[in-house]
Structure formats: structure tokens, C-alpha cells
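Chemist: Starting off with a structure, shown below.
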Amino acid sequence: MGMIALPHPPLRRSVLYVPGDRPRAIAKAETLAADAVIFDLEDAVAPGAKADARETIRAHFAAVPSSASERVIRINALSTSWGTEDLLAARAAMPDAILIPKADDVADVLAAADALDETDAPATVRLWAMIETPRGVLNASAIADLVNEPLSRLDCLVVGTNDLAKDAGIAGSTMRHNLHPWLMLIVLAAKAAGITVLDGVFNDHADTAGCVAECRQGAEMGFDGKTLIHPAQIAPANAAFAPDAEDVERAERLVAAFASNDNAGKGVIAFEGSMAELLHLKQAERLLARAAAAAQRERSERP
Ligand code: COA
Ligand code: MG
């Protein structure tokens, strides 16, 4: 006991979008502390710039073949006129994952998986799916469950709050509040399937306090991380989605308490004035594993 050997989900606290047609921002993204970067061919790129963006991403991956961050390329939906060419370009770049936008149902994920199989893409090229349409929210559980189907390559759900609000007709200052039930439904679908799930973006990149608050809220809701649009949002997300020092110390004390001779073999103990069960021990071990992963990531970033 006390050893932290539990498998933990990949660290995806901060996941930064970068428009595929902005070489300067793409180069900068490699120097930042985001756990993952999404190179975008979809909505951040104007219709007239799609071909240019594909070439920019191709050249970038050729010039910088590996990265400290997980690398994801977001393509246009396969139902659009750009989708197939995007998928082929993305596959050629050999990212960690390809992000499918506007996934309505399992067929959208499986179509991309089939197309990747046809190119003999190695199994290491995963798929991430965006839940950002009303239909996608209704089917979130079935989509998340694809994680149990290795051929689907599914590895992560990403919420698209802007598209979801637009399609559902939700607007105004209470937008986030009104999205809440659906966000929690998507979180639940992801937890039931055991897959990571990322919160939508905070649009006002100049509002630091607002970003900090929304990152904390996303963490409390059960999201594993947040998608981001600006470098200034990375530090707040990395902090909010990693356990804080106080929680780590408490978890260490709890693990030690269960491991003590007095408590040997017990399923429930008195701990600092409240009840702790084995489920709390598991929770503490998971928290320590996440904290260790975050600390390791920070060490690897130091020059
Ligand atoms: N990724 C990497 N670098 C970024 C970045 C991003 N998403 N957003 C900004 N930067 C860089 C800029 O290139 C600039 O770098 P430089 O000083 O080397 O030139 C620096 O950060 C400061 O940028 P700033 O001037 O504050 O922002 P901007 O006006 O250039 O861009 C946005 C503002 C919102 C247009 C830009 O942040 C953006 O395009 N974000 C991503 C949008 C997106 O992908 N949306 C789709 C998914 S929702
Ligand atoms: Mg979208």
C-alpha cells in the first residue's frame, strides 16, 4: 500500500487551439506549456485559406517532428468538401490524434477510423471527437462508449460550447449557466466510458480573472482539462486541473493513515475528524498520481 502505481489518464489540462494558417503562432505553440496543441484546419481557418493551412501544418510537422505537447490536428467534417483532403493531410503529418468536429453520432467517428485504416495509419494515430451539436449531446454516451472498440481509435471527447450554444439558440450572459445540464451529461458519458473529456473555450482572452474562474469551474464539474484559444490561458488551466498543494498533502496523510499498523485491513477509518472509506483511499491515490504526472511535466519543461 502507499505505492502510487495506478494508471492515470493522460495529462490534458491545457489544450491550445492554434489556427493552421498562422505559422508564427504555430511555431510559438511549440514553446508553450500546453499539455496538448490542436492545429486547426476547421473553423479558425477561412474557406479561402484551407489549402494554405494544410501546407503550413505539413511543413511544420516535417520541420519539427516531435514535441513535448501532445499534437492533434482538427480537420473539417468528412461531409464537407475539405474533409477528405484534410484527413489525408493530417494522417501524413502523423499527429498523436485527429480531431473530428461536429460529431453527431458513432458513424461520424467510425467513418474517420475507416478512412484512416484505408491509409494504413498506425494505431498510434488516435481520434478525438467534438461534441458540439444538439444531436451529438444526445448521442454523447454512445460516442464515448466507442472507446471500448479499439478499431474506433477514440481517445478523447472535446466539448464545443460556442457551436453548441449557436445551434441550440442559447445566447447572452447566462449562456454557460444554461449549457450546464448538457455539459454535465457529456462529462457523465465520458466517465461512464472511462475516456478523457475537455471543456469548451473561454472566448474573452483578455479577461484573466474570468478565465481562472471558468477553469476552476470546469475542474469542479469533472472535466480533465480545458480547450484554450490564447497562450495566456495555459497557466490558469494547468493550475486549475492539477491538484493543489493542500489537497496533495491531505491525500498523502490519508494514504499514510490507511497504511498504518492500527488500520491494517480496515475498510473504513476515522481520519481527521471524518470518515474515510476505501473509495476515499482510491480517490487519494488517483489524486497523487495526477499530481506526480503534473510535477513530472513541469520538470520536463525546465530548460
Ligand atoms: N496559439 C499560439 N500562439 C498564439 C495563439 C494561439 N492560439 N494566440 C496568440 N498567439 C501568439 C501570437 O502569435 C503572439 O505571438 P508573437 O508575440 O510571437 O507575435 C502572442 O501570442 C500574443 O498574441 P495576441 O496579440 O495577444 O493575440 P492575437 O491578437 O495575435 O490573436 C486570437 C488573438 C484570438 C485571434 C488568437 O489568439 C487566436 O487565433 N486563437 C485561436 C483561435 C482558434 O483557434 N479558434 C478555433 C477554436 S475555438
Ligand atoms: Mg466548433
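Residues are named by chain letter and number: chains run A, B, ... in the order of the C-alpha cells, numbers start at 1 in each chain, and ligands are numbered from 1 in the order shown.
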Give me, as a list in words, the set of residues whose atoms come within 8 Å of any atom of ligand 2, counting only C-alpha atoms and all ligand atoms.

Modeler: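 Those residues are Glu42, Asp43, Pro101, Lys102, Met130, Glu132, Gly160, Thr161, Asn162, Asp163 and Leu164 of chain A.
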
Chemist: Would you write out those residues with all heavy atoms, as a JSON list (two decimals), in the first residue's frame?

Modeler:
[["chain", "number", "residue", "atom", "x", "y", "z"],
["A", 42, "GLU", "N", -10.18, 23.68, -39.25],
["A", 42, "GLU", "CA", -11.63, 23.90, -39.35],
["A", 42, "GLU", "C", -12.00, 25.37, -39.16],
["A", 42, "GLU", "O", -11.58, 26.23, -39.94],
["A", 42, "GLU", "CB", -12.38, 22.97, -38.37],
["A", 42, "GLU", "CG", -13.84, 22.73, -38.78],
["A", 42, "GLU", "CD", -14.80, 22.73, -37.59],
["A", 42, "GLU", "OE1", -14.43, 23.12, -36.48],
["A", 42, "GLU", "OE2", -16.00, 22.37, -37.80],
["A", 43, "ASP", "N", -12.74, 25.68, -38.09],
["A", 43, "ASP", "CA", -13.37, 27.00, -38.04],
["A", 43, "ASP", "C", -12.43, 28.19, -37.83],
["A", 43, "ASP", "O", -12.82, 29.32, -38.08],
["A", 43, "ASP", "CB", -14.48, 26.99, -36.99],
["A", 43, "ASP", "CG", -15.72, 26.25, -37.48],
["A", 43, "ASP", "OD1", -15.75, 25.89, -38.68],
["A", 43, "ASP", "OD2", -16.65, 26.01, -36.69],
["A", 101, "PRO", "N", -14.63, 17.33, -35.94],
["A", 101, "PRO", "CA", -15.58, 18.32, -35.44],
["A", 101, "PRO", "C", -17.02, 17.82, -35.59],
["A", 101, "PRO", "O", -17.29, 16.90, -36.37],
["A", 101, "PRO", "CB", -15.34, 19.52, -36.34],
["A", 101, "PRO", "CG", -14.97, 18.91, -37.65],
["A", 101, "PRO", "CD", -14.19, 17.64, -37.31],
["A", 102, "LYS", "N", -17.91, 18.43, -34.82],
["A", 102, "LYS", "CA", -19.36, 18.25, -35.01],
["A", 102, "LYS", "C", -19.79, 16.79, -35.14],
["A", 102, "LYS", "O", -20.59, 16.44, -36.01],
["A", 102, "LYS", "CB", -19.83, 19.07, -36.22],
["A", 102, "LYS", "CG", -19.48, 20.56, -36.05],
["A", 102, "LYS", "CD", -19.88, 21.42, -37.24],
["A", 102, "LYS", "CE", -19.60, 22.90, -36.99],
["A", 102, "LYS", "NZ", -18.18, 23.32, -37.04],
["A", 130, "MET", "N", -15.40, 15.95, -31.28],
["A", 130, "MET", "CA", -16.04, 17.12, -30.69],
["A", 130, "MET", "C", -17.53, 16.89, -30.53],
["A", 130, "MET", "O", -18.23, 16.52, -31.47],
["A", 130, "MET", "CB", -15.83, 18.36, -31.56],
["A", 130, "MET", "CG", -14.37, 18.76, -31.58],
["A", 130, "MET", "SD", -14.11, 20.51, -31.88],
["A", 130, "MET", "CE", -14.78, 21.27, -30.40],
["A", 132, "GLU", "N", -20.54, 19.02, -30.02],
["A", 132, "GLU", "CA", -20.85, 20.45, -30.14],
["A", 132, "GLU", "C", -22.11, 20.70, -30.95],
["A", 132, "GLU", "O", -22.35, 21.81, -31.41],
["A", 132, "GLU", "CB", -19.66, 21.21, -30.74],
["A", 132, "GLU", "CG", -19.18, 20.65, -32.08],
["A", 132, "GLU", "CD", -18.00, 21.43, -32.67],
["A", 132, "GLU", "OE1", -17.77, 22.58, -32.27],
["A", 132, "GLU", "OE2", -17.32, 20.87, -33.55],
["A", 160, "GLY", "N", -17.57, 21.59, -27.58],
["A", 160, "GLY", "CA", -17.53, 22.84, -28.34],
["A", 160, "GLY", "C", -18.69, 23.72, -27.90],
["A", 160, "GLY", "O", -19.80, 23.62, -28.43],
["A", 161, "THR", "N", -18.43, 24.56, -26.90],
["A", 161, "THR", "CA", -19.53, 25.33, -26.31],
["A", 161, "THR", "C", -20.08, 26.40, -27.26],
["A", 161, "THR", "O", -21.27, 26.69, -27.24],
["A", 161, "THR", "CB", -19.09, 25.97, -24.98],
["A", 161, "THR", "OG1", -17.72, 26.36, -25.08],
["A", 161, "THR", "CG2", -19.22, 25.00, -23.84],
["A", 162, "ASN", "N", -19.20, 27.00, -28.09],
["A", 162, "ASN", "CA", -19.69, 28.06, -28.98],
["A", 162, "ASN", "C", -20.67, 27.50, -30.02],
["A", 162, "ASN", "O", -21.74, 28.06, -30.23],
["A", 162, "ASN", "CB", -18.52, 28.75, -29.67],
["A", 162, "ASN", "CG", -17.74, 29.66, -28.72],
["A", 162, "ASN", "OD1", -18.32, 30.25, -27.80],
["A", 162, "ASN", "ND2", -16.44, 29.76, -28.92],
["A", 163, "ASP", "N", -20.29, 26.40, -30.65],
["A", 163, "ASP", "CA", -21.19, 25.82, -31.66],
["A", 163, "ASP", "C", -22.47, 25.30, -31.02],
["A", 163, "ASP", "O", -23.56, 25.45, -31.57],
["A", 163, "ASP", "CB", -20.49, 24.67, -32.40],
["A", 163, "ASP", "CG", -19.81, 25.16, -33.66],
["A", 163, "ASP", "OD1", -20.53, 25.60, -34.58],
["A", 163, "ASP", "OD2", -18.57, 25.11, -33.73],
["A", 164, "LEU", "N", -22.32, 24.70, -29.84],
["A", 164, "LEU", "CA", -23.49, 24.15, -29.15],
["A", 164, "LEU", "C", -24.49, 25.26, -28.81],
["A", 164, "LEU", "O", -25.70, 25.12, -29.06],
["A", 164, "LEU", "CB", -23.04, 23.40, -27.90],
["A", 164, "LEU", "CG", -24.09, 22.60, -27.15],
["A", 164, "LEU", "CD1", -24.81, 21.63, -28.08],
["A", 164, "LEU", "CD2", -23.43, 21.82, -26.00]]

Chemist: List all protein, DNA and RNA residues that have an atom no more than 7 Å from any atom of ligand 1, counting only C-alpha atoms and all ligand atoms, and report them as a VMD selection string.

Modeler: chain A and resid 16 to 19 24 to 26 28 to 29 40 43 to 44 201 205 229 to 231

Chemist: Need the shell around Pro243 of chain A: protein/DNA/RNA residues with any atom at most 8 Å away, counting only C-alpha atoms. Skip same-chain ones fewer than 3 positions apart. Format as a list in words?

Modeler: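 Listing them by chain and then by number gives Ala239, Ala240, Asp247, Val248, Leu287, Arg290 and Ala291 of chain A.
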
Chemist: So that I can check the surroundings of Ala90 of chain A, please list as a list in words every protein, DNA and RNA residue that reaches within 8 Å of it, counting only C-alpha atoms and ignoring chain neighbours fewer than 6 positions away.

Modeler: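 Near Ala90 of chain A, the qualifying residues are Arg54, Arg58, Ile73, Ile75 and Ile98 of chain A.
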
Chemist: Keeping only all heavy atoms, write those residues as a PDB file, in the first residue's frame.

Modeler:
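Just written: again.pdb:
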ATOM      1  N   ARG A  54      -3.258  23.644 -44.704  1.00  0.00           N
ATOM      2  CA  ARG A  54      -2.775  22.256 -44.809  1.00  0.00           C
ATOM      3  C   ARG A  54      -1.273  22.229 -45.054  1.00  0.00           C
ATOM      4  O   ARG A  54      -0.534  21.458 -44.451  1.00  0.00           O
ATOM      5  CB  ARG A  54      -3.466  21.548 -45.984  1.00  0.00           C
ATOM      6  CG  ARG A  54      -4.781  20.905 -45.643  1.00  0.00           C
ATOM      7  CD  ARG A  54      -5.326  20.171 -46.883  1.00  0.00           C
ATOM      8  NE  ARG A  54      -6.756  20.315 -46.939  1.00  0.00           N
ATOM      9  CZ  ARG A  54      -7.450  20.847 -47.939  1.00  0.00           C
ATOM     10  NH1 ARG A  54      -6.828  21.281 -49.039  1.00  0.00           N
ATOM     11  NH2 ARG A  54      -8.751  20.938 -47.874  1.00  0.00           N
ATOM     12  N   ARG A  58       1.661  20.813 -42.658  1.00  0.00           N
ATOM     13  CA  ARG A  58       2.564  19.779 -43.191  1.00  0.00           C
ATOM     14  C   ARG A  58       4.022  20.199 -43.001  1.00  0.00           C
ATOM     15  O   ARG A  58       4.847  19.436 -42.472  1.00  0.00           O
ATOM     16  CB  ARG A  58       2.300  19.537 -44.692  1.00  0.00           C
ATOM     17  CG  ARG A  58       3.076  18.353 -45.274  1.00  0.00           C
ATOM     18  CD  ARG A  58       3.311  18.463 -46.785  1.00  0.00           C
ATOM     19  NE  ARG A  58       4.098  19.638 -47.152  1.00  0.00           N
ATOM     20  CZ  ARG A  58       5.405  19.756 -46.959  1.00  0.00           C
ATOM     21  NH1 ARG A  58       6.100  18.766 -46.417  1.00  0.00           N
ATOM     22  NH2 ARG A  58       6.042  20.859 -47.310  1.00  0.00           N
ATOM     23  N   ILE A  73      -4.532  17.344 -34.809  1.00  0.00           N
ATOM     24  CA  ILE A  73      -4.926  18.181 -35.949  1.00  0.00           C
ATOM     25  C   ILE A  73      -6.443  18.108 -36.092  1.00  0.00           C
ATOM     26  O   ILE A  73      -7.011  17.016 -36.198  1.00  0.00           O
ATOM     27  CB  ILE A  73      -4.246  17.712 -37.261  1.00  0.00           C
ATOM     28  CG1 ILE A  73      -2.720  17.825 -37.124  1.00  0.00           C
ATOM     29  CG2 ILE A  73      -4.750  18.542 -38.449  1.00  0.00           C
ATOM     30  CD1 ILE A  73      -1.942  17.284 -38.329  1.00  0.00           C
ATOM     31  N   ILE A  75      -9.610  18.518 -38.290  1.00  0.00           N
ATOM     32  CA  ILE A  75      -9.983  18.565 -39.703  1.00  0.00           C
ATOM     33  C   ILE A  75     -11.410  19.101 -39.845  1.00  0.00           C
ATOM     34  O   ILE A  75     -12.141  19.200 -38.860  1.00  0.00           O
ATOM     35  CB  ILE A  75      -9.876  17.165 -40.357  1.00  0.00           C
ATOM     36  CG1 ILE A  75     -10.878  16.189 -39.714  1.00  0.00           C
ATOM     37  CG2 ILE A  75      -8.455  16.632 -40.238  1.00  0.00           C
ATOM     38  CD1 ILE A  75     -10.974  14.838 -40.432  1.00  0.00           C
ATOM     39  N   ILE A  98      -6.275  12.936 -34.489  1.00  0.00           N
ATOM     40  CA  ILE A  98      -7.023  13.795 -35.411  1.00  0.00           C
ATOM     41  C   ILE A  98      -8.355  14.086 -34.737  1.00  0.00           C
ATOM     42  O   ILE A  98      -9.004  13.173 -34.203  1.00  0.00           O
ATOM     43  CB  ILE A  98      -7.208  13.090 -36.772  1.00  0.00           C
ATOM     44  CG1 ILE A  98      -5.838  12.934 -37.455  1.00  0.00           C
ATOM     45  CG2 ILE A  98      -8.190  13.871 -37.657  1.00  0.00           C
ATOM     46  CD1 ILE A  98      -5.868  12.114 -38.738  1.00  0.00           C
TER      47      ILE A  98
END

Chemist: Please identify all polymer residues within 12 Å of Met184 of chain A, counting only C-alpha atoms, omitting same-chain residues fewer than 3 positions from it, and present them as a ChimeraX atom specification.

Modeler: /A:137,140-141,159,176-181,187-191,197-199,217-223

Chemist: For the strand (DSSP E) assignment from backbone DSSP, which residues of segment 78-214 of chain A qualify? Please present them as an MDAnalysis selection string.

Modeler: chainID A and resid 97:100 126:131 154:159 196:199

Chemist: Do a neighbour search on Leu154 of chain A at 6 Å with only C-alpha atoms, toss out local chain neighbours closer than 2 positions, and write the hits as an mmCIF file with N, CA, C and O atoms, in the first residue's frame.

Modeler:
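Below you can see selection.cif, which holds the result:
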data_model
loop_
_atom_site.group_PDB
_atom_site.id
_atom_site.type_symbol
_atom_site.label_atom_id
_atom_site.label_comp_id
_atom_site.auth_asym_id
_atom_site.auth_seq_id
_atom_site.Cartn_x
_atom_site.Cartn_y
_atom_site.Cartn_z
ATOM 1 N N LEU A 127 -8.200 9.124 -32.534
ATOM 2 C CA LEU A 127 -9.228 10.089 -32.920
ATOM 3 C C LEU A 127 -9.783 10.759 -31.669
ATOM 4 O O LEU A 127 -10.003 10.106 -30.641
ATOM 5 N N TRP A 128 -9.978 12.048 -31.730
ATOM 6 C CA TRP A 128 -10.709 12.794 -30.718
ATOM 7 C C TRP A 128 -11.999 13.276 -31.391
ATOM 8 O O TRP A 128 -12.002 13.541 -32.604
ATOM 9 N N VAL A 147 -14.847 4.030 -27.073
ATOM 10 C CA VAL A 147 -13.502 3.830 -26.524
ATOM 11 C C VAL A 147 -13.244 2.347 -26.260
ATOM 12 O O VAL A 147 -12.101 1.887 -26.269
ATOM 13 N N SER A 152 -12.109 1.902 -33.329
ATOM 14 C CA SER A 152 -12.625 3.265 -33.469
ATOM 15 C C SER A 152 -11.542 4.311 -33.237
ATOM 16 O O SER A 152 -11.705 5.463 -33.608
#
